[in-house]
$ cat protein.pdb   # PDB, C-alpha atoms
ATOM      1  CA  MET P  14       0.000   0.000   0.000
ATOM      2  CA  PRO P  15       1.294   3.512  -0.791
ATOM      3  CA  ALA P  16       2.191   5.723   2.156
ATOM      4  CA  ALA P  17      -0.519   8.172   3.221
ATOM      5  CA  PHE P  18      -0.188  11.750   1.994
ATOM      6  CA  THR P  19       0.006  13.845   5.157
ATOM      7  CA  GLU P  20      -0.388  17.547   5.952
ATOM      8  CA  ALA P  21       3.383  17.650   6.412
ATOM      9  CA  ASP P  22       3.827  16.218   2.914
ATOM     10  CA  LEU P  23       1.523  18.877   1.487
ATOM     11  CA  ASP P  24       3.429  21.602   3.348
ATOM     12  CA  ARG P  25       6.745  20.312   1.993
ATOM     13  CA  LEU P  26       5.413  20.158  -1.564
ATOM     14  CA  GLU P  27       3.914  23.635  -1.210
ATOM     15  CA  SER P  28       7.197  25.079   0.058
ATOM     16  CA  TRP P  29       9.063  23.632  -2.905
ATOM     17  CA  LEU P  30       6.473  24.848  -5.415
ATOM     18  CA  LEU P  31       6.657  28.373  -3.968
ATOM     19  CA  GLU P  32      10.421  28.641  -4.427
ATOM     20  CA  PRO P  33      11.360  31.299  -7.041
ATOM     21  CA  GLU P  34      13.136  28.662  -9.149
ATOM     22  CA  ARG P  35       9.808  27.116 -10.107
ATOM     23  CA  GLY P  36       8.715  30.098 -12.179
ATOM     24  CA  GLU P  37       5.141  30.735 -13.290
ATOM     25  CA  ASP P  38       4.557  27.386 -15.001
ATOM     26  CA  ALA P  39       4.361  25.287 -11.837
ATOM     27  CA  LEU P  40       0.923  24.775 -10.310
ATOM     28  CA  LEU P  41       0.469  25.470  -6.621
ATOM     29  CA  PRO P  42      -1.286  22.815  -4.487
ATOM     30  CA  ASP P  43      -4.789  24.120  -5.244
ATOM     31  CA  GLY P  44      -4.331  23.935  -9.021
ATOM     32  CA  LEU P  45      -2.286  20.762  -8.678
ATOM     33  CA  GLN P  46      -5.087  18.993  -6.827
ATOM     34  CA  GLY P  47      -7.516  20.102  -9.514
ATOM     35  CA  LEU P  48      -5.251  18.690 -12.204
ATOM     36  CA  LEU P  49      -4.868  15.407 -10.311
ATOM     37  CA  CYS P  50      -8.640  15.039 -10.000
ATOM     38  CA  ALA P  51      -8.938  15.245 -13.782
ATOM     39  CA  VAL P  52      -5.999  12.860 -14.272
ATOM     40  CA  VAL P  53      -7.494  10.278 -11.913
ATOM     41  CA  SER P  54     -10.915  10.638 -13.543
ATOM     42  CA  ALA P  55      -9.695  10.458 -17.145
ATOM     43  CA  PRO P  56     -11.329   7.943 -19.519
ATOM     44  CA  SER P  57      -7.890   6.572 -20.397
ATOM     45  CA  PRO P  58      -4.634   6.534 -18.385
ATOM     46  CA  ILE P  59      -2.451   9.639 -18.595
ATOM     47  CA  PRO P  60       1.289   8.882 -18.350
ATOM     48  CA  GLU P  61       2.999  10.155 -15.219
ATOM     49  CA  SER P  62       5.566  12.029 -17.298
ATOM     50  CA  THR P  63       2.759  13.922 -19.059
ATOM     51  CA  TRP P  64       0.872  15.148 -15.990
ATOM     52  CA  ILE P  65       4.018  15.824 -13.974
ATOM     53  CA  SER P  66       5.335  18.012 -16.792
ATOM     54  CA  ALA P  67       1.996  19.859 -16.908
ATOM     55  CA  ALA P  68       2.093  20.297 -13.127
ATOM     56  CA  LEU P  69       5.688  21.501 -12.799
ATOM     57  CA  GLY P  70       6.449  23.078 -16.149
ATOM     58  CA  ALA P  71       9.130  22.143 -18.638
ATOM     59  CA  ASP P  72      12.097  22.982 -16.376
ATOM     60  CA  PRO P  73      11.285  22.795 -12.645
ATOM     61  CA  HIS P  74      14.956  23.215 -11.601
ATOM     62  CA  PHE P  75      15.607  20.395  -9.153
ATOM     63  CA  ALA P  76      18.538  21.112  -6.851
ATOM     64  CA  SER P  77      19.717  17.488  -6.924
ATOM     65  CA  ASP P  78      18.715  13.990  -7.942
ATOM     66  CA  ALA P  79      17.662  13.397  -4.350
ATOM     67  CA  GLN P  80      15.288  16.355  -4.495
ATOM     68  CA  ARG P  81      13.898  15.155  -7.825
ATOM     69  CA  ALA P  82      13.166  11.772  -6.239
ATOM     70  CA  GLU P  83      11.636  13.367  -3.141
ATOM     71  CA  ILE P  84       9.281  15.609  -5.128
ATOM     72  CA  GLY P  85       8.369  12.749  -7.439
ATOM     73  CA  THR P  86       7.410  10.638  -4.431
ATOM     74  CA  LEU P  87       5.287  13.462  -3.010
ATOM     75  CA  LEU P  88       3.498  13.995  -6.316
ATOM     76  CA  LEU P  89       2.634  10.318  -6.626
ATOM     77  CA  ALA P  90       1.441  10.208  -3.019
ATOM     78  CA  PHE P  91      -0.737  13.258  -3.666
ATOM     79  CA  ARG P  92      -2.135  11.546  -6.776
ATOM     80  CA  ASP P  93      -2.877   8.381  -4.813
ATOM     81  CA  ASP P  94      -4.584  10.383  -2.063
ATOM     82  CA  VAL P  95      -6.826  12.076  -4.630
ATOM     83  CA  ALA P  96      -7.597   8.722  -6.253
ATOM     84  CA  ALA P  97      -8.544   7.146  -2.918
ATOM     85  CA  GLN P  98     -10.961   9.980  -2.146
ATOM     86  CA  LEU P  99     -12.572  10.007  -5.587
ATOM     87  CA  ASN P 100     -12.846   6.236  -5.711
ATOM     88  CA  GLY P 101     -14.684   6.387  -2.399
ATOM     89  CA  GLY P 102     -17.295   8.406  -4.252
ATOM     90  CA  GLU P 103     -18.497  10.446  -1.278
ATOM     91  CA  HIS P 104     -16.123  13.286  -0.429
ATOM     92  CA  LEU P 105     -13.052  15.296  -1.418
ATOM     93  CA  ASP P 106     -10.955  17.422   0.922
ATOM     94  CA  VAL P 107     -10.413  20.352  -1.439
ATOM     95  CA  VAL P 108      -7.156  22.284  -1.070
ATOM     96  CA  LEU P 109      -8.048  25.990  -1.089
ATOM     97  CA  TYR P 110      -6.442  29.132   0.300
ATOM     98  CA  GLY P 111      -8.083  32.134   1.941
ATOM     99  CA  ASP P 112     -11.026  32.595   4.260
ATOM    100  CA  GLU P 113     -14.519  31.487   3.269
ATOM    101  CA  GLY P 114     -16.039  33.998   0.855
ATOM    102  CA  SER P 115     -12.851  36.057   0.536
ATOM    103  CA  GLU P 116     -11.322  37.244  -2.738
ATOM    104  CA  ASP P 117      -8.276  35.094  -1.956
ATOM    105  CA  GLN P 118     -10.437  31.988  -1.785
ATOM    106  CA  GLU P 119     -12.235  32.907  -5.002
ATOM    107  CA  ALA P 120      -8.846  33.224  -6.705
ATOM    108  CA  SER P 121      -7.735  29.906  -5.219
ATOM    109  CA  LEU P 122     -10.914  28.213  -6.428
ATOM    110  CA  ALA P 123     -10.321  29.642  -9.899
ATOM    111  CA  SER P 124      -6.799  28.176  -9.848
ATOM    112  CA  TRP P 125      -8.183  24.823  -8.697
ATOM    113  CA  CYS P 126     -10.683  24.682 -11.551
ATOM    114  CA  GLU P 127      -8.111  25.863 -14.085
ATOM    115  CA  GLY P 128      -5.876  22.994 -12.961
ATOM    116  CA  TYR P 129      -8.777  20.587 -13.513
ATOM    117  CA  LEU P 130      -9.327  21.861 -17.049
ATOM    118  CA  ILE P 131      -5.596  21.576 -17.771
ATOM    119  CA  GLY P 132      -5.816  17.949 -16.649
ATOM    120  CA  VAL P 133      -8.831  17.353 -18.894
ATOM    121  CA  GLY P 134      -6.776  18.635 -21.814
ATOM    122  CA  LEU P 135      -4.045  16.030 -21.234
ATOM    123  CA  CYS P 136      -6.261  13.053 -22.086
ATOM    124  CA  GLU P 137      -5.805  11.166 -25.362
ATOM    125  CA  PRO P 138      -8.222  10.597 -26.954
ATOM    126  CA  PRO P 139      -9.813  13.797 -25.624
ATOM    127  CA  TRP P 140     -12.963  13.902 -23.550
ATOM    128  CA  HIS P 141     -14.987  15.531 -26.338
ATOM    129  CA  GLU P 142     -14.433  12.498 -28.563
ATOM    130  CA  GLN P 143     -15.839  10.158 -25.929
ATOM    131  CA  ALA P 144     -18.890  12.078 -24.680
ATOM    132  CA  SER P 145     -21.671  14.025 -26.367
ATOM    133  CA  ASP P 146     -21.561  17.834 -26.437
ATOM    134  CA  GLU P 147     -24.499  17.949 -24.028
ATOM    135  CA  GLU P 148     -22.834  15.556 -21.585
ATOM    136  CA  LEU P 149     -19.525  17.399 -21.797
ATOM    137  CA  ASP P 150     -21.148  20.779 -21.151
ATOM    138  CA  GLU P 151     -22.802  19.382 -18.029
ATOM    139  CA  MET P 152     -19.592  17.728 -16.845
ATOM    140  CA  LEU P 153     -17.345  20.772 -17.262
ATOM    141  CA  MET P 154     -19.597  23.807 -16.811
ATOM    142  CA  PRO P 155     -18.811  24.419 -13.098
ATOM    143  CA  PHE P 156     -15.074  24.368 -13.852
ATOM    144  CA  VAL P 157     -15.423  26.649 -16.884
ATOM    145  CA  ILE P 158     -17.418  29.179 -14.854
ATOM    146  CA  LEU P 159     -15.292  29.138 -11.689
ATOM    147  CA  SER P 160     -11.976  29.211 -13.558
ATOM    148  CA  GLY P 161     -13.006  32.355 -15.402
ATOM    149  CA  ARG P 162     -12.784  30.706 -18.805
ATOM    150  CA  ALA P 163     -16.443  31.400 -19.597
ATOM    151  CA  ARG P 164     -15.949  35.122 -19.050
ATOM    152  CA  GLU P 165     -12.703  35.098 -21.041
ATOM    153  CA  ALA P 166     -14.382  33.297 -23.940
ATOM    154  CA  ALA P 167     -17.144  35.896 -24.030
ATOM    155  CA  ALA P 168     -14.589  38.719 -24.085
ATOM    156  CA  GLU P 169     -12.568  37.077 -26.855
ATOM    157  CA  SER P 170     -15.662  36.612 -29.004
ATOM    158  CA  GLY P 171     -16.876  40.170 -28.405
ATOM    159  CA  GLU P 172     -20.034  39.011 -26.637
ATOM    160  CA  ALA P 173     -21.507  41.056 -23.804
ATOM    161  CA  TRP P 174     -20.985  39.434 -20.400
ATOM    162  CA  ILE P 175     -23.801  38.983 -17.906
ATOM    163  CA  ASP P 176     -24.498  41.621 -15.240
ATOM    164  CA  PRO P 177     -22.750  41.348 -11.839
ATOM    165  CA  ALA P 178     -25.810  40.034  -9.999
ATOM    166  CA  GLU P 179     -26.342  37.260 -12.540
ATOM    167  CA  GLU P 180     -22.634  36.430 -12.460
ATOM    168  CA  ARG P 181     -22.718  36.089  -8.657
ATOM    169  CA  ARG P 182     -25.737  33.793  -8.922
ATOM    170  CA  MET P 183     -24.061  31.679 -11.594
ATOM    171  CA  ILE P 184     -20.815  31.422  -9.621
ATOM    172  CA  GLY P 185     -22.723  30.435  -6.480
ATOM    173  CA  GLU P 186     -24.522  27.650  -8.321
ATOM    174  CA  ALA P 187     -21.267  26.441  -9.864
ATOM    175  CA  ARG P 188     -19.580  26.402  -6.459
ATOM    176  CA  ASP P 189     -22.463  24.411  -4.955
ATOM    177  CA  ALA P 190     -22.293  21.899  -7.810
ATOM    178  CA  LEU P 191     -18.507  21.525  -7.871
ATOM    179  CA  ILE P 192     -17.943  18.552  -5.549
ATOM    180  CA  ASP P 193     -20.783  16.582  -7.118
ATOM    181  CA  ALA P 194     -19.361  17.341 -10.567
ATOM    182  CA  ILE P 195     -15.911  16.098  -9.554
ATOM    183  CA  LEU P 196     -17.293  12.844  -8.153
ATOM    184  CA  ASP P 197     -19.817  12.367 -10.973
ATOM    185  CA  ASN P 198     -17.160  12.837 -13.646
ATOM    186  CA  ARG P 199     -15.007  10.177 -12.014
ATOM    187  CA  ALA P 200     -17.981   7.793 -11.857
ATOM    188  CA  TYR P 201     -18.973   8.558 -15.470
ATOM    189  CA  TRP P 202     -15.624   7.561 -16.944
ATOM    190  CA  PHE P 203     -15.069   4.675 -14.524
ATOM    191  CA  GLU P 204     -18.360   3.043 -15.498
ATOM    192  CA  ARG P 205     -17.459   3.324 -19.173
ATOM    193  CA  SER P 206     -14.051   1.741 -18.587
ATOM    194  CA  ILE P 207     -15.634  -1.557 -17.494
ATOM    195  CA  PRO P 208     -15.752  -3.917 -20.509
ATOM    196  CA  ASP P 209     -19.073  -5.450 -21.473
ATOM    197  CA  PRO P 210     -19.435  -9.108 -20.478
ATOM    198  CA  ILE P 211     -18.807 -11.648 -23.243
ATOM    199  CA  ARG P 212     -22.060 -13.107 -24.459
ATOM    200  CA  ARG P 213     -22.379 -16.334 -26.426
ATOM    201  CA  GLU P 214     -24.125 -15.895 -29.753
ATOM    202  CA  ALA P 215     -25.597 -19.399 -29.580
ATOM    203  CA  PRO P 216     -26.619 -21.702 -26.717
ATOM    204  CA  LYS P 217     -23.836 -23.846 -25.310
ATOM    205  CA  VAL P 218     -23.925 -27.404 -26.690
ATOM    206  CA  GLY P 219     -23.779 -30.182 -24.096
ATOM    207  CA  ARG P 220     -21.328 -33.007 -24.708
ATOM    208  CA  ASN P 221     -24.169 -35.546 -24.965
ATOM    209  CA  ASP P 222     -26.297 -33.351 -27.260
ATOM    210  CA  ALA P 223     -26.491 -33.917 -31.008
ATOM    211  CA  CYS P 224     -23.639 -32.168 -32.768
ATOM    212  CA  PRO P 225     -24.900 -28.971 -34.451
ATOM    213  CA  CYS P 226     -22.978 -29.893 -37.607
ATOM    214  CA  GLY P 227     -25.779 -32.337 -38.514
ATOM    215  CA  SER P 228     -23.689 -35.519 -38.471
ATOM    216  CA  GLY P 229     -26.146 -37.297 -36.159
ATOM    217  CA  LYS P 230     -23.365 -38.056 -33.679
ATOM    218  CA  LYS P 231     -23.173 -36.835 -30.123
ATOM    219  CA  TYR P 232     -21.188 -33.648 -29.798
ATOM    220  CA  LYS P 233     -18.538 -35.355 -27.651
ATOM    221  CA  HIS P 234     -17.880 -37.880 -30.430
ATOM    222  CA  CYS P 235     -17.810 -35.296 -33.209
ATOM    223  CA  HIS P 236     -16.718 -31.683 -33.037
ATOM    224  CA  GLY P 237     -16.590 -31.871 -29.252
ATOM    225  CA  ARG P 238     -13.244 -33.618 -29.595
ATOM    226  CA  GLU P 239     -11.777 -30.329 -30.809
ATOM    227  CA  ALA P 240     -13.023 -28.381 -27.795
TER     228      ALA P 240
END

$ encode --input "protein.pdb" --output "structure tokens"
Amino acid sequence: MPAAFTEADLDRLESWLLEPERGEDALLPDGLQGLLCAVVSAPSPIPESTWISAALGADPHFASDAQRAEIGTLLLAFRDDVAAQLNGGEHLDVVLYGDEGSEDQEASLASWCEGYLIGVGLCEPPWHEQASDEELDEMLMPFVILSGRAREAAAESGEAWIDPAEERRMIGEARDALIDAILDNRAYWFERSIPDPIRREAPKVGRNDACPCGSGKKYKHCHGREA
């Protein structure tokens, strides 16, 4: 069994991610947990090298081979912790910063959801090739709203954005739906990863039954010898 991912492990990983050497490409623990939720939930396995590169950036500047090994171990333990929670199907201890309702927490939640969407984008084949547009919109809408991507898309297309009161209502609904969306997305892809049972196209022939080839012999004395 993998070692449990502790608060001390999270603090150590956070300290390393906050070092200036990481640059702007590395995700902090809130965005990293979001990414890992998408990686764990993906319809097909995402290689460790792929999601670690997305999490840390192209050149994370390890001080030594020992540090590279230490951070790699922490990342895998964090991934396993996320997987255990999502596979339980009931709860997720979300890593967020800032006080409840504060601007800092809103920014942290946006980073979390952006990390999730980055993780969604790592999957091959992509999610949109394995779910209908309607299903995908329902699966990803809370993340698109809370990350700010919906507002950015409207600005890029020149569309007028909704008024502040409507935006607050929409964000509140997305926040309320977030945990269920995370768990439901995991369940959706997990259920589709289970292969269909093999079904016989014709009834099984007993060894003492007449051979279906029409020879008149018992199956065990005819084609049953080849079984």

$ resolve_selection --input "protein.pdb" --expression "the PyMOL selection byres ((chain P and resi 20-29) around 10)" --output "PyMOL selection string"
chain P and resi 17-19+30-35+40-43+75+80+83-88+90-91+108

$ atom_distance --input "protein.pdb" --atom1 "CA of Trp202 (chain P)" --atom2 "CA of Trp140 (chain P)"
9.5 Å

$ resolve_selection --input "protein.pdb" --expression "the PyMOL selection byres ((chain P and resi 54-64) around 9)" --output "PyMOL selection string"
chain P and resi 48-53+65-69+89+96+99+132-133+135-140+143+195-196+198-203+205-206

$ closest_residue --input "protein.pdb" --among "P:Arg164, P:Pro73, P:Leu159, P:Met154" --to "Ala120 (chain P)" --atoms "all atoms listed in the file"
P:Leu159

$ resolve_selection --input "protein.pdb" --expression "the PyMOL selection byres ((chain P and resi 126) around 9)" --output "list in words"
Asp43, Gly44, Gly47, Leu48, Ser121, Leu122, Ala123, Ser124, Trp125, Glu127, Gly128, Tyr129, Leu130, Ile131, Pro155, Phe156, Val157, Ile158, Leu159, Ser160 and Gly161 of chain P

$ atom_distance --input "protein.pdb" --atom1 "CA of Asp106 (chain P)" --atom2 "CA of Ala82 (chain P)"
25.8 Å

$ atom_distance --input "protein.pdb" --atom1 "CA of Arg182 (chain P)" --atom2 "CA of Glu116 (chain P)"
16.1 Å

$ residues_around --input "protein.pdb" --residues "Trp174 (chain P)" --least-positions-apart "4" --cutoff "12 Å" --atoms "only C-alpha atoms" --output "CSV table (one decimal) with C-alpha atoms, in the coordinates of the input"
chain,number,residue,atom,x,y,z
P,161,GLY,CA,-13.0,32.4,-15.4
P,163,ALA,CA,-16.4,31.4,-19.6
P,164,ARG,CA,-15.9,35.1,-19.0
P,165,GLU,CA,-12.7,35.1,-21.0
P,166,ALA,CA,-14.4,33.3,-23.9
P,167,ALA,CA,-17.1,35.9,-24.0
P,168,ALA,CA,-14.6,38.7,-24.1
P,169,GLU,CA,-12.6,37.1,-26.9
P,170,SER,CA,-15.7,36.6,-29.0
P,178,ALA,CA,-25.8,40.0,-10.0
P,179,GLU,CA,-26.3,37.3,-12.5
P,180,GLU,CA,-22.6,36.4,-12.5

$ closest_residue --input "protein.pdb" --among "P:Asp193, P:Gly185, P:Gly114, P:Glu172" --to "Met152 (chain P)" --atoms "all atoms listed in the file"
P:Asp193

$ axis_aligned_box --input "protein.pdb" --around "region 31-47 of chain P" --padding-each-side "5 Å" --output "lines of an AutoDock Vina configuration file"
center_x = 2.8
center_y = 25.1
center_z = -9.5
size_x = 30.7
size_y = 22.3
size_z = 21.0

$ closest_residue --input "protein.pdb" --among "P:Pro177, P:Ala223, P:Ala194, P:Ile184" --to "Gly102 (chain P)" --atoms "all atoms listed in the file"
P:Ala194

$ closest_residue --input "protein.pdb" --among "P:Glu103, P:Asp112, P:Asp197, P:Glu119" --to "Glu148 (chain P)" --atoms "only C-alpha atoms"
P:Asp197

$ closest_residue --input "protein.pdb" --among "P:Ile192, P:Val107, P:Leu45, P:Ala71" --to "Leu153 (chain P)" --atoms "all atoms listed in the file"
P:Ile192

$ decode --input "protein.pdb" --residues "region 114-148 of chain P" --atoms "C-alpha atoms" --output "compact mmCIF listing (two decimals), in the first residue's frame"
# COMPACT_ATOMS: atom_id res chain seq x y z
CA GLY P 114 -16.04 34.00 0.85
CA SER P 115 -12.85 36.06 0.54
CA GLU P 116 -11.32 37.24 -2.74
CA ASP P 117 -8.28 35.09 -1.96
CA GLN P 118 -10.44 31.99 -1.79
CA GLU P 119 -12.23 32.91 -5.00
CA ALA P 120 -8.85 33.22 -6.71
CA SER P 121 -7.74 29.91 -5.22
CA LEU P 122 -10.91 28.21 -6.43
CA ALA P 123 -10.32 29.64 -9.90
CA SER P 124 -6.80 28.18 -9.85
CA TRP P 125 -8.18 24.82 -8.70
CA CYS P 126 -10.68 24.68 -11.55
CA GLU P 127 -8.11 25.86 -14.08
CA GLY P 128 -5.88 22.99 -12.96
CA TYR P 129 -8.78 20.59 -13.51
CA LEU P 130 -9.33 21.86 -17.05
CA ILE P 131 -5.60 21.58 -17.77
CA GLY P 132 -5.82 17.95 -16.65
CA VAL P 133 -8.83 17.35 -18.89
CA GLY P 134 -6.78 18.64 -21.81
CA LEU P 135 -4.04 16.03 -21.23
CA CYS P 136 -6.26 13.05 -22.09
CA GLU P 137 -5.81 11.17 -25.36
CA PRO P 138 -8.22 10.60 -26.95
CA PRO P 139 -9.81 13.80 -25.62
CA TRP P 140 -12.96 13.90 -23.55
CA HIS P 141 -14.99 15.53 -26.34
CA GLU P 142 -14.43 12.50 -28.56
CA GLN P 143 -15.84 10.16 -25.93
CA ALA P 144 -18.89 12.08 -24.68
CA SER P 145 -21.67 14.03 -26.37
CA ASP P 146 -21.56 17.83 -26.44
CA GLU P 147 -24.50 17.95 -24.03
CA GLU P 148 -22.83 15.56 -21.58
